[in-house]
Structures are given as C-alpha cells and as structure tokens.
Amino acid sequence: MASKGTRVSSLLLYRGIRSSMPLTVAQPLSSSSPRYQCQHQQQLRWSSHSPLGTSSDPPRKKVTVGTLRSMYKKSEPITMMTAHDFPSAHVADAAGMDMILVGDSLAMVALGMNDTSEVTVDDMLLHCKSVARATKGAFTIGDLPMGSYEISPEQALATAIRFVKEGRVQGIKLEGGKEMAPTIKRITQAGIPVLAHVGLTPQRQNSLGGFRVQGKTVKGALSVLEDALAVQEAGCFAMVLEAVPAEVARIITEKLSVPTIGIGAGNGCSGQVLVQVDMSGNFPPGRFIPKFVKQYGNVWAESLRAIETYRDEVKSRQYPAPEHTYPIPKEELDAFIEEINKV
C-alpha cells in the first residue's frame with residue numbers, strides 16, 4: 001500500500017495556490033536551482049487568481065506637487081480622474097493620469113448610496129488604501145467627507161492626518177470658499193497639500209437648492225472669484241472649479257496663480273477631472289449623466305456581453321473547455337481509479 005500511496009495525489013496549498021504534488025519525501029530544493037524555479041513558475045501559472053500584471057513600459061516618474069506646479073507654469077493641461085478601488089486606480093494610473101482623486105462620489109458609484117452626505121471617514125479611508133496600493137505614478141488625493149472637517153480647523157487637520165497616515169494619499173480635498181480659508185491654512189501649515197473646491201459644492205446641495213450652476217450672475221461670478229482668491233491665499237496648491245460658466249471659469253483661472261481643475265467649467269481651466277464611472281460608460285442605459293460628461297467608452301455593455309456569454313456557455317457546458325482544465329498523466333489517473341474501485 002505504501003508504494004501505491006506514493007502515486008496518490010494530494011492538494012497542497014502554497015500561498016493560496018493549488019498545486020498537485022506526490023506524497024513522497026524529498027530533499028528541499030535550493031531557490032536558485034532550475035528545478036525549484038521551474039516548479040515555482042508552474043505554481044504561479046496555475047494560480048486561480050492571476051496577478052494584474054506589470055507594464056512593459058518603464059515606470060514613469062512619480063507626480064508631486066512640484067510636478068503639478070511645473071506643468072501649470074508651462075501651461076500644460078493637468079489630467080485628473082476619480083478612482084474608488086484597486087482596479088479603477090490601476091487603469092487610471094496605467095493610462096497616465098497626473099492626479100487620481102478618491103472622490104466622495106464613490107458614495108453613489110461604488111456604495112450605492114443616494115448622495116455624498118452618507119459616506120463616512122472610515123468608508124473613504126478603506127477606498128483610499130485600495131487606490132493607493134495601485135497608484136505608482138499619479139498624485140493621489142483623498143476627499144474629506146461631509147462632517148469630517150467643518151466643525152473646526154483642528155477637526156479638519158485631524159481628519160487630514162488620518163487620510164495621509166491611514167489612507168496613504170499624498171493630499172486631501174475639501175469643499176468651500178472663504179469660510180474654509182482658515183481650515184485650509186491650518187492643514188497646509190501642517191505640511192499636507194490641499195486641493196480646494198469652489199463653485200458648485202455637492203456636499204452643500206441642500207443649501208444651494210440642488211446641483212445648480214454657480215456664477216451665472218455678476219454677483220454669483222464675483223462670489224466664486226472671491227472664494228477662489230481666498231482659498232489660494234490660504235495655501236491650496238490647486239482648486240476644483242465645478243459647474244461654472246466657461247467664460248467665468250476662464251477669467252477666474254487667469255486671475256489666479258495656482259491651477260484650476262475644471263468639471264463642468266469649460267476648457268479654459270488649468271486641467272480637467274471626471275468621474276471614471278461616468279466617462280467610461282460603466283452604467284446601465286437610462287442613467288442620468290450631467291451635461292459636462294463626455295462618455296469615452298461603454299464598459300457596461302462590454303461587461304454585460306461578457307457575463308451573458310459566460311452564463312450561456314456554462315449552461316450549455318461549453319465552458320470550461322479542455323484548454324481550461326489541468327491535465328493528469330494517464331498512469332496516475334488509472335492508479336487513482338484503481339484505488340477508488342477498492343473502496
């Protein structure tokens with residue numbers, strides 16, 4: 001029985017990877033030996049969870065605040081994209097985004113909430129960590145959620161520190177204009193870069209009467225400009241200008257000495273940002289899309305097609321095909337059947 005037992009295969013776990021190994025005693029292999037490397041490569045190849053892979057291109061230099069300032073001085077548009085998890089950050093970083101924002105919009109697009117007021121600091125930190133693990137080149141920003149910074153500059157600084165230490169982002173974003181200037185100053189004095197956000201501030205939609213365009217009147221445009229100048233003076237390295245008429249946004253941008261990142265504010269800003277789910281088309285037909293969004297893809301349709309095809313092939317037993325299964329030597333299979341028949 002002992003000799004037959006050596007032919008019976010067992011499943012061993014190696015770093016979460018299934019590998020078929022005979023029940024025989026052998027001397028440990030050196031990690032430098034060709035046999036070890038061959039077996040190790042096979043184990044990795046047979047993994048049920050394949051890695052996302054690495055780019056064949058050389059890694060790009062990490063984007064910093066200094067990089068963004070240099071781009072601004074050269075009038076080179078700055079690209080920013082939202083991401084809410086490892087895969088969305090991985091693709092945004094691979095695509096060469098200058099900045100990746102872990103926006104509180106993840107409340108709706110990732111967590112299925114009604115609006116951004118529901119998302120918590122702990123929610124945001126979890127997603128920031130995931131994004132940070134995937135982002136190697138872009139400058140990462142974490143969005144402070146409603147209720148985590150408005151009470152006092154000290155509260156805001158404490159939250160910002162958590163985002164950097166726990167969330168592993170390089171900077172934070174917060175909404176508000178003149179009234180948030182002391183808070184921005186407090187955070188920047190502590191050495192944390194701040195991306196300001198003026199114009200339409202979604203966290204305050206209830207006081208604004210909904211998601212309304214800002215700066216459409218002389219008084220409104222002057223108010224947005226005053227906010228922009230105030231947050232610049234407070235020390236923000238850049239600011240988001242949201243839902244502001246293009247002409248107004250262009251004039252405000254020209255009056256500032258820091259970059260503006262537009263969203264629904266025309267192409268006269270120093271850069272642009274979009275929610276990845278919106279611009280990639282990762283949503284079902286009929287979903288409301290803001291006017292300023294250009295849909296560059298249709299991820300929903302492609303994913304739906306792939307999943308429906310998988311469903312159909314499983315139902316018809318077309319999948320898995322022989323090329324998707326692992327082989328076993330005939331003599332081992334015969335021996336296995338022989339052992340089974342003895343039971």
# chains A, B, ... in the order shown; residues from 1 in each chain; ligands from 1
>>> closest_atom_pairs(of="region 165-200 of chain A", to="region 97-100 of chain A", cutoff="12 Å", atoms="only C-alpha atoms", output="tab-separated table")
residue	atom	partner	partner_atom	distance
A:Val169	CA	A:Ile100	CA	9.6
A:Gln170	CA	A:Met99	CA	10.2
A:Gly171	CA	A:Met99	CA	10.4
A:Ile172	CA	A:Ile100	CA	11.1
A:Lys173	CA	A:Ile100	CA	11.5
A:Leu195	CA	A:Met99	CA	11.0
>>> write_last_selection(atoms="C-alpha atoms", output="CSV table (one decimal), in the first residue's frame")
chain,number,residue,atom,x,y,z
A,169,VAL,CA,-2.8,59.5,-0.1
A,170,GLN,CA,-0.5,62.5,-0.8
A,171,GLY,CA,-3.0,65.2,-0.3
A,172,ILE,CA,-6.7,66.0,0.6
A,173,LYS,CA,-9.6,67.8,-1.0
A,195,LEU,CA,-6.9,70.7,-3.2
>>> residues_around(residues="region 80-84 of chain A", least_positions_apart="3", cutoff="9 Å", atoms="only C-alpha atoms", output="PyMOL selection string")
chain A and resi 87-90+92+97-106+109-110+124+127-128+130-131+138+261+271-277
>>> closest_residue(among="A:Gly262, A:Pro193, A:Gly177, A:Gly235", to="Ile161 (chain A)", atoms="only C-alpha atoms")
A:Pro193
>>> closest_atom_pairs(of="region 179-271 of chain A", to="region 57-65 of chain A", cutoff="12 Å", atoms="only C-alpha atoms", output="JSON lines")
{"residue": "A:Gly191", "atom": "CA", "partner": "A:Val65", "partner_atom": "CA", "distance": 11.8}
{"residue": "A:Ile192", "atom": "CA", "partner": "A:Val65", "partner_atom": "CA", "distance": 10.7}
{"residue": "A:Pro193", "atom": "CA", "partner": "A:Val65", "partner_atom": "CA", "distance": 7.8}
{"residue": "A:Val194", "atom": "CA", "partner": "A:Val65", "partner_atom": "CA", "distance": 10.1}
{"residue": "A:Leu195", "atom": "CA", "partner": "A:Val65", "partner_atom": "CA", "distance": 10.6}
{"residue": "A:Cys236", "atom": "CA", "partner": "A:Val65", "partner_atom": "CA", "distance": 10.7}
{"residue": "A:Phe237", "atom": "CA", "partner": "A:Val65", "partner_atom": "CA", "distance": 7.3}
{"residue": "A:Ala238", "atom": "CA", "partner": "A:Val65", "partner_atom": "CA", "distance": 9.3}
{"residue": "A:Val258", "atom": "CA", "partner": "A:Val65", "partner_atom": "CA", "distance": 11.1}
{"residue": "A:Pro259", "atom": "CA", "partner": "A:Val65", "partner_atom": "CA", "distance": 11.0}
>>> write_last_selection(atoms="all heavy atoms", output="short mmCIF file (atom, residue, chain, number, x, y, z; two decimals), in the first residue's frame")
data_model
loop_
_atom_site.label_atom_id
_atom_site.label_comp_id
_atom_site.auth_asym_id
_atom_site.auth_seq_id
_atom_site.Cartn_x
_atom_site.Cartn_y
_atom_site.Cartn_z
N GLY A 191 1.80 70.72 6.66
CA GLY A 191 2.55 70.03 5.62
C GLY A 191 1.74 69.09 4.74
O GLY A 191 2.31 68.24 4.06
N ILE A 192 0.42 69.25 4.75
CA ILE A 192 -0.44 68.39 3.94
C ILE A 192 -1.00 69.21 2.78
O ILE A 192 -1.68 70.21 3.01
CB ILE A 192 -1.59 67.80 4.77
CG1 ILE A 192 -1.03 66.93 5.91
CG2 ILE A 192 -2.54 66.99 3.89
CD1 ILE A 192 -2.07 66.41 6.87
N PRO A 193 -0.73 68.82 1.54
CA PRO A 193 -1.26 69.56 0.38
C PRO A 193 -2.78 69.51 0.34
O PRO A 193 -3.39 68.47 0.59
CB PRO A 193 -0.64 68.82 -0.82
CG PRO A 193 0.56 68.12 -0.27
CD PRO A 193 0.19 67.72 1.12
N VAL A 194 -3.38 70.65 0.02
CA VAL A 194 -4.83 70.76 -0.03
C VAL A 194 -5.27 71.15 -1.44
O VAL A 194 -4.79 72.13 -2.01
CB VAL A 194 -5.36 71.80 0.97
CG1 VAL A 194 -6.86 72.01 0.80
CG2 VAL A 194 -5.05 71.38 2.40
N LEU A 195 -6.20 70.38 -1.98
CA LEU A 195 -6.90 70.72 -3.21
C LEU A 195 -8.24 71.32 -2.80
O LEU A 195 -9.07 70.62 -2.21
CB LEU A 195 -7.11 69.47 -4.07
CG LEU A 195 -7.90 69.64 -5.37
CD1 LEU A 195 -7.17 70.53 -6.37
CD2 LEU A 195 -8.22 68.28 -5.99
N CYS A 236 -3.85 76.59 -0.71
CA CYS A 236 -4.13 75.40 -1.51
C CYS A 236 -3.18 75.37 -2.72
O CYS A 236 -2.79 76.41 -3.24
CB CYS A 236 -5.58 75.39 -1.98
SG CYS A 236 -6.00 76.61 -3.23
N PHE A 237 -2.81 74.17 -3.16
CA PHE A 237 -1.90 74.06 -4.30
C PHE A 237 -2.65 74.09 -5.63
O PHE A 237 -2.06 74.34 -6.68
CB PHE A 237 -1.05 72.78 -4.21
CG PHE A 237 -1.79 71.51 -4.51
CD1 PHE A 237 -1.87 71.01 -5.80
CD2 PHE A 237 -2.42 70.80 -3.48
CE1 PHE A 237 -2.56 69.84 -6.07
CE2 PHE A 237 -3.11 69.62 -3.75
CZ PHE A 237 -3.18 69.15 -5.05
N ALA A 238 -3.97 73.86 -5.57
CA ALA A 238 -4.83 73.90 -6.75
C ALA A 238 -6.26 73.88 -6.25
O ALA A 238 -6.52 73.69 -5.05
CB ALA A 238 -4.57 72.71 -7.67
N VAL A 258 -2.50 79.66 -9.04
CA VAL A 258 -2.47 78.21 -8.82
C VAL A 258 -3.40 77.58 -9.84
O VAL A 258 -4.30 78.24 -10.38
CB VAL A 258 -2.91 77.82 -7.38
CG1 VAL A 258 -1.96 78.41 -6.35
CG2 VAL A 258 -4.34 78.27 -7.12
N PRO A 259 -3.22 76.28 -10.13
CA PRO A 259 -4.04 75.63 -11.16
C PRO A 259 -5.51 75.50 -10.76
O PRO A 259 -5.83 75.34 -9.58
CB PRO A 259 -3.39 74.25 -11.31
CG PRO A 259 -2.05 74.36 -10.68
CD PRO A 259 -2.16 75.39 -9.62
#
>>> atom_distance(atom1="CA of Ala190 (chain A)", atom2="CA of Ala160 (chain A)")
9.7 Å
>>> closest_residue(among="A:Ile187, A:Ala95, A:Ala132, A:Ala234", to="Gly167 (chain A)", atoms="only C-alpha atoms")
A:Ala132
>>> closest_residue(among="A:Phe86, A:Arg186, A:Ile251, A:Gln203", to="Glu118 (chain A)", atoms="only C-alpha atoms")
A:Gln203
>>> residues_around(residues="region 306-310 of chain A", least_positions_apart="5", cutoff="9 Å", atoms="only C-alpha atoms", output="ChimeraX atom specification")
/A:301,315,319
>>> select_by_dssp(residues="region 170-279 of chain A", states="strand (DSSP E)", output="VMD selection string")
chain A and resid 171 to 173 194 to 199 238 to 242 260 to 263 271 to 274
>>> residues_around(residues="Ile151 (chain A)", least_positions_apart="5", cutoff="12 Å", atoms="only C-alpha atoms", output="list of chain:residue names")
A:Met146, A:Ala156, A:Leu157, A:Ala158, A:Thr159, A:Glu179, A:Met180, A:Pro182, A:Thr183
>>> write_last_selection(atoms="C-alpha atoms", output="short mmCIF file (atom, residue, chain, number, x, y, z; two decimals), in the first residue's frame")
data_model
loop_
_atom_site.label_atom_id
_atom_site.label_comp_id
_atom_site.auth_asym_id
_atom_site.auth_seq_id
_atom_site.Cartn_x
_atom_site.Cartn_y
_atom_site.Cartn_z
CA MET A 146 -19.18 65.85 4.89
CA ALA A 156 -10.15 69.06 9.71
CA LEU A 157 -6.44 68.65 10.41
CA ALA A 158 -7.06 65.51 12.44
CA THR A 159 -9.07 64.03 9.58
CA GLU A 179 -15.29 80.25 5.15
CA MET A 180 -12.87 77.36 4.71
CA PRO A 182 -8.66 79.18 7.98
CA THR A 183 -9.10 75.40 7.72
#
>>> select_by_dssp(residues="region 25-196 of chain A", states="alpha helix (DSSP H)", output="ChimeraX atom specification")
/A:34-45,65-73,86-94,106-109,121-134,153-165,181-189
>>> atom_distance(atom1="CA of Ile141 (chain A)", atom2="CA of Lys216 (chain A)")
29.0 Å
>>> atom_distance(atom1="CA of Ser257 (chain A)", atom2="CA of Ser270 (chain A)")
10.6 Å
>>> residues_around(residues="Gly199 (chain A)", least_positions_apart="3", cutoff="12 Å", atoms="only C-alpha atoms", output="PyMOL selection string")
chain A and resi 175-178+196+202-205+208+211-216+220-228+239-246+248-249+252+260-265
>>> write_last_selection(atoms="N, CA and C atoms", output="short mmCIF file (atom, residue, chain, number, x, y, z; two decimals), in the first residue's frame")
data_model
loop_
_atom_site.label_atom_id
_atom_site.label_comp_id
_atom_site.auth_asym_id
_atom_site.auth_seq_id
_atom_site.Cartn_x
_atom_site.Cartn_y
_atom_site.Cartn_z
N GLU A 175 -14.32 70.90 0.34
CA GLU A 175 -15.19 71.85 -0.33
C GLU A 175 -15.36 73.13 0.50
N GLY A 176 -15.54 74.25 -0.21
CA GLY A 176 -15.82 75.50 0.47
C GLY A 176 -14.89 76.62 0.03
N GLY A 177 -15.35 77.85 0.24
CA GLY A 177 -14.58 79.01 -0.18
C GLY A 177 -14.03 79.82 0.97
N LYS A 178 -14.45 81.07 1.08
CA LYS A 178 -13.89 81.99 2.09
C LYS A 178 -13.96 81.40 3.49
N ALA A 196 -8.44 72.60 -3.08
CA ALA A 196 -9.69 73.25 -2.70
C ALA A 196 -10.78 72.92 -3.72
N PRO A 202 -21.03 69.98 -4.04
CA PRO A 202 -22.11 68.99 -3.90
C PRO A 202 -22.50 68.64 -2.46
N GLN A 203 -21.54 68.71 -1.53
CA GLN A 203 -21.88 68.38 -0.15
C GLN A 203 -22.88 69.38 0.43
N ARG A 204 -23.00 70.55 -0.22
CA ARG A 204 -23.90 71.60 0.28
C ARG A 204 -25.11 71.76 -0.65
N GLN A 205 -25.44 70.72 -1.35
CA GLN A 205 -26.52 70.81 -2.34
C GLN A 205 -27.84 71.26 -1.72
N LEU A 208 -27.85 74.94 -1.49
CA LEU A 208 -27.73 75.56 -2.82
C LEU A 208 -28.99 75.35 -3.65
N PHE A 211 -28.18 70.65 -7.38
CA PHE A 211 -26.94 70.75 -8.15
C PHE A 211 -27.11 71.83 -9.22
N ARG A 212 -26.91 73.07 -8.82
CA ARG A 212 -27.14 74.20 -9.70
C ARG A 212 -25.82 74.84 -10.13
N VAL A 213 -25.80 75.31 -11.37
CA VAL A 213 -24.63 76.02 -11.89
C VAL A 213 -24.42 77.29 -11.07
N GLN A 214 -23.17 77.56 -10.72
CA GLN A 214 -22.82 78.74 -9.93
C GLN A 214 -22.14 79.79 -10.83
N GLY A 215 -22.27 81.06 -10.44
CA GLY A 215 -21.58 82.12 -11.17
C GLY A 215 -22.27 82.57 -12.43
N LYS A 216 -23.58 82.42 -12.51
CA LYS A 216 -24.31 82.81 -13.73
C LYS A 216 -24.74 84.28 -13.71
N GLY A 220 -22.98 86.31 -8.50
CA GLY A 220 -22.55 84.93 -8.33
C GLY A 220 -21.12 84.71 -8.81
N ALA A 221 -20.78 85.31 -9.96
CA ALA A 221 -19.43 85.16 -10.51
C ALA A 221 -18.40 85.80 -9.59
N LEU A 222 -18.73 86.98 -9.05
CA LEU A 222 -17.80 87.64 -8.12
C LEU A 222 -17.62 86.82 -6.85
N SER A 223 -18.69 86.17 -6.41
CA SER A 223 -18.61 85.33 -5.21
C SER A 223 -17.67 84.15 -5.44
N VAL A 224 -17.76 83.51 -6.61
CA VAL A 224 -16.87 82.39 -6.93
C VAL A 224 -15.42 82.88 -6.99
N LEU A 225 -15.20 84.06 -7.60
CA LEU A 225 -13.85 84.62 -7.67
C LEU A 225 -13.30 84.91 -6.28
N GLU A 226 -14.13 85.50 -5.41
CA GLU A 226 -13.71 85.79 -4.04
C GLU A 226 -13.33 84.51 -3.30
N ASP A 227 -14.12 83.47 -3.49
CA ASP A 227 -13.81 82.18 -2.87
C ASP A 227 -12.48 81.64 -3.39
N ALA A 228 -12.28 81.72 -4.70
CA ALA A 228 -11.06 81.21 -5.31
C ALA A 228 -9.83 81.95 -4.79
N MET A 239 -7.20 74.09 -7.18
CA MET A 239 -8.60 74.04 -6.77
C MET A 239 -9.46 73.49 -7.88
N VAL A 240 -10.51 72.79 -7.48
CA VAL A 240 -11.53 72.33 -8.41
C VAL A 240 -12.54 73.46 -8.61
N LEU A 241 -12.86 73.74 -9.88
CA LEU A 241 -13.93 74.68 -10.23
C LEU A 241 -15.06 73.86 -10.83
N GLU A 242 -16.18 73.76 -10.13
CA GLU A 242 -17.27 72.90 -10.62
C GLU A 242 -18.50 73.70 -11.01
N ALA A 243 -19.07 73.33 -12.16
CA ALA A 243 -20.33 73.87 -12.65
C ALA A 243 -20.34 75.40 -12.64
N VAL A 244 -19.40 75.96 -13.36
CA VAL A 244 -19.28 77.40 -13.52
C VAL A 244 -19.24 77.69 -15.02
N PRO A 245 -19.92 78.72 -15.50
CA PRO A 245 -19.87 79.04 -16.93
C PRO A 245 -18.42 79.13 -17.43
N ALA A 246 -18.18 78.62 -18.62
CA ALA A 246 -16.83 78.52 -19.15
C ALA A 246 -16.11 79.87 -19.16
N VAL A 248 -16.61 82.49 -17.27
CA VAL A 248 -16.30 82.89 -15.89
C VAL A 248 -15.11 82.09 -15.36
N ALA A 249 -15.12 80.78 -15.61
CA ALA A 249 -14.02 79.92 -15.15
C ALA A 249 -12.70 80.34 -15.79
N ILE A 252 -11.51 83.57 -14.05
CA ILE A 252 -11.03 83.26 -12.70
C ILE A 252 -9.68 82.58 -12.77
N THR A 260 -6.38 75.57 -11.76
CA THR A 260 -7.79 75.24 -11.57
C THR A 260 -8.07 73.94 -12.32
N ILE A 261 -8.80 73.04 -11.67
CA ILE A 261 -9.18 71.77 -12.29
C ILE A 261 -10.69 71.84 -12.53
N GLY A 262 -11.06 71.90 -13.78
CA GLY A 262 -12.46 72.10 -14.12
C GLY A 262 -13.27 70.83 -14.20
N ILE A 263 -14.53 70.93 -13.81
CA ILE A 263 -15.50 69.88 -14.04
C ILE A 263 -16.82 70.61 -14.31
N GLY A 264 -17.21 70.62 -15.57
CA GLY A 264 -18.34 71.43 -15.97
C GLY A 264 -18.01 72.91 -15.95
N ALA A 265 -16.76 73.25 -16.27
CA ALA A 265 -16.32 74.65 -16.22
C ALA A 265 -15.54 75.05 -17.48
#
>>> closest_residue(among="A:Ala181, A:Gly96, A:Lys129, A:Phe283", to="Met108 (chain A)", atoms="only C-alpha atoms")
A:Phe283
>>> decode(residues="region 74-165 of chain A", atoms="C-alpha atoms", output="short mmCIF file (atom, residue, chain, number, x, y, z; two decimals), in the first residue's frame")
data_model
loop_
_atom_site.label_atom_id
_atom_site.label_comp_id
_atom_site.auth_asym_id
_atom_site.auth_seq_id
_atom_site.Cartn_x
_atom_site.Cartn_y
_atom_site.Cartn_z
CA LYS A 74 4.28 75.62 -18.78
CA SER A 75 0.51 75.81 -19.44
CA GLU A 76 0.39 72.03 -19.79
CA PRO A 77 -3.16 70.80 -19.00
CA ILE A 78 -3.40 68.64 -15.87
CA THR A 79 -5.41 65.42 -16.09
CA MET A 80 -7.32 64.11 -13.08
CA MET A 81 -9.61 61.10 -12.79
CA THR A 82 -11.55 59.60 -9.92
CA ALA A 83 -10.93 56.05 -8.74
CA HIS A 84 -12.58 54.15 -5.91
CA ASP A 85 -10.76 50.82 -5.73
CA PHE A 86 -7.65 48.94 -6.86
CA PRO A 87 -8.79 48.10 -10.42
CA SER A 88 -10.10 51.59 -11.22
CA ALA A 89 -6.93 53.18 -9.84
CA HIS A 90 -4.74 50.66 -11.64
CA VAL A 91 -6.19 51.53 -15.04
CA ALA A 92 -6.20 55.28 -14.38
CA ASP A 93 -2.56 55.19 -13.33
CA ALA A 94 -1.63 53.00 -16.32
CA ALA A 95 -3.37 55.50 -18.60
CA GLY A 96 -1.05 58.24 -17.35
CA MET A 97 -3.36 60.36 -15.21
CA ASP A 98 -1.46 63.15 -13.44
CA MET A 99 -3.77 63.05 -10.43
CA ILE A 100 -6.13 60.41 -9.07
CA LEU A 101 -8.92 61.56 -6.79
CA VAL A 102 -10.63 59.23 -4.36
CA GLY A 103 -13.77 61.33 -4.54
CA ASP A 104 -16.71 61.17 -2.19
CA SER A 105 -18.73 60.40 -5.33
CA LEU A 106 -17.84 56.80 -4.52
CA ALA A 107 -20.79 57.01 -2.15
CA MET A 108 -23.03 56.66 -5.20
CA VAL A 109 -20.89 54.90 -7.82
CA ALA A 110 -19.26 52.31 -5.52
CA LEU A 111 -21.51 52.02 -2.47
CA GLY A 112 -24.94 52.62 -3.96
CA MET A 113 -25.82 55.50 -1.63
CA ASN A 114 -28.21 58.30 -2.57
CA ASP A 115 -25.69 61.12 -2.25
CA THR A 116 -22.29 62.01 -0.81
CA SER A 117 -23.65 63.02 2.60
CA GLU A 118 -23.94 59.36 3.63
CA VAL A 119 -20.31 58.34 3.19
CA THR A 120 -18.11 58.24 6.31
CA VAL A 121 -14.44 58.78 7.03
CA ASP A 122 -13.94 55.06 7.56
CA ASP A 123 -15.60 54.34 4.19
CA MET A 124 -13.28 56.81 2.48
CA LEU A 125 -10.16 55.51 4.19
CA LEU A 126 -10.86 51.94 3.07
CA HIS A 127 -11.15 53.09 -0.55
CA CYS A 128 -8.12 55.38 -0.27
CA LYS A 129 -5.98 52.45 0.86
CA SER A 130 -7.14 50.36 -2.09
CA VAL A 131 -6.43 53.14 -4.58
CA ALA A 132 -3.04 53.90 -3.04
CA ARG A 133 -1.90 50.29 -3.49
CA ALA A 134 -2.48 50.52 -7.24
CA THR A 135 -1.18 54.02 -7.89
CA LYS A 136 2.53 54.25 -8.63
CA GLY A 137 2.85 57.39 -10.75
CA ALA A 138 -0.13 59.70 -10.20
CA PHE A 139 -0.51 62.14 -7.32
CA THR A 140 -3.30 60.82 -5.09
CA ILE A 141 -5.93 62.94 -3.35
CA GLY A 142 -8.46 61.86 -0.74
CA ASP A 143 -11.80 63.69 -0.50
CA LEU A 144 -12.78 64.66 3.05
CA PRO A 145 -16.44 63.64 3.51
CA MET A 146 -19.18 65.85 4.89
CA GLY A 147 -19.00 66.21 8.66
CA SER A 148 -15.28 65.45 8.95
CA TYR A 149 -13.82 68.97 8.62
CA GLU A 150 -16.47 71.71 9.01
CA ILE A 151 -16.56 71.97 12.82
CA SER A 152 -13.09 73.45 13.27
CA PRO A 153 -9.65 73.64 11.64
CA GLU A 154 -8.41 71.22 14.29
CA GLN A 155 -11.06 68.65 13.38
CA ALA A 156 -10.15 69.06 9.71
CA LEU A 157 -6.44 68.65 10.41
CA ALA A 158 -7.06 65.51 12.44
CA THR A 159 -9.07 64.03 9.58
CA ALA A 160 -6.47 65.06 7.01
CA ILE A 161 -3.72 63.39 9.03
CA ARG A 162 -5.73 60.15 9.06
CA PHE A 163 -6.10 60.32 5.28
CA VAL A 164 -2.33 60.61 4.85
CA LYS A 165 -1.28 58.12 7.54
#
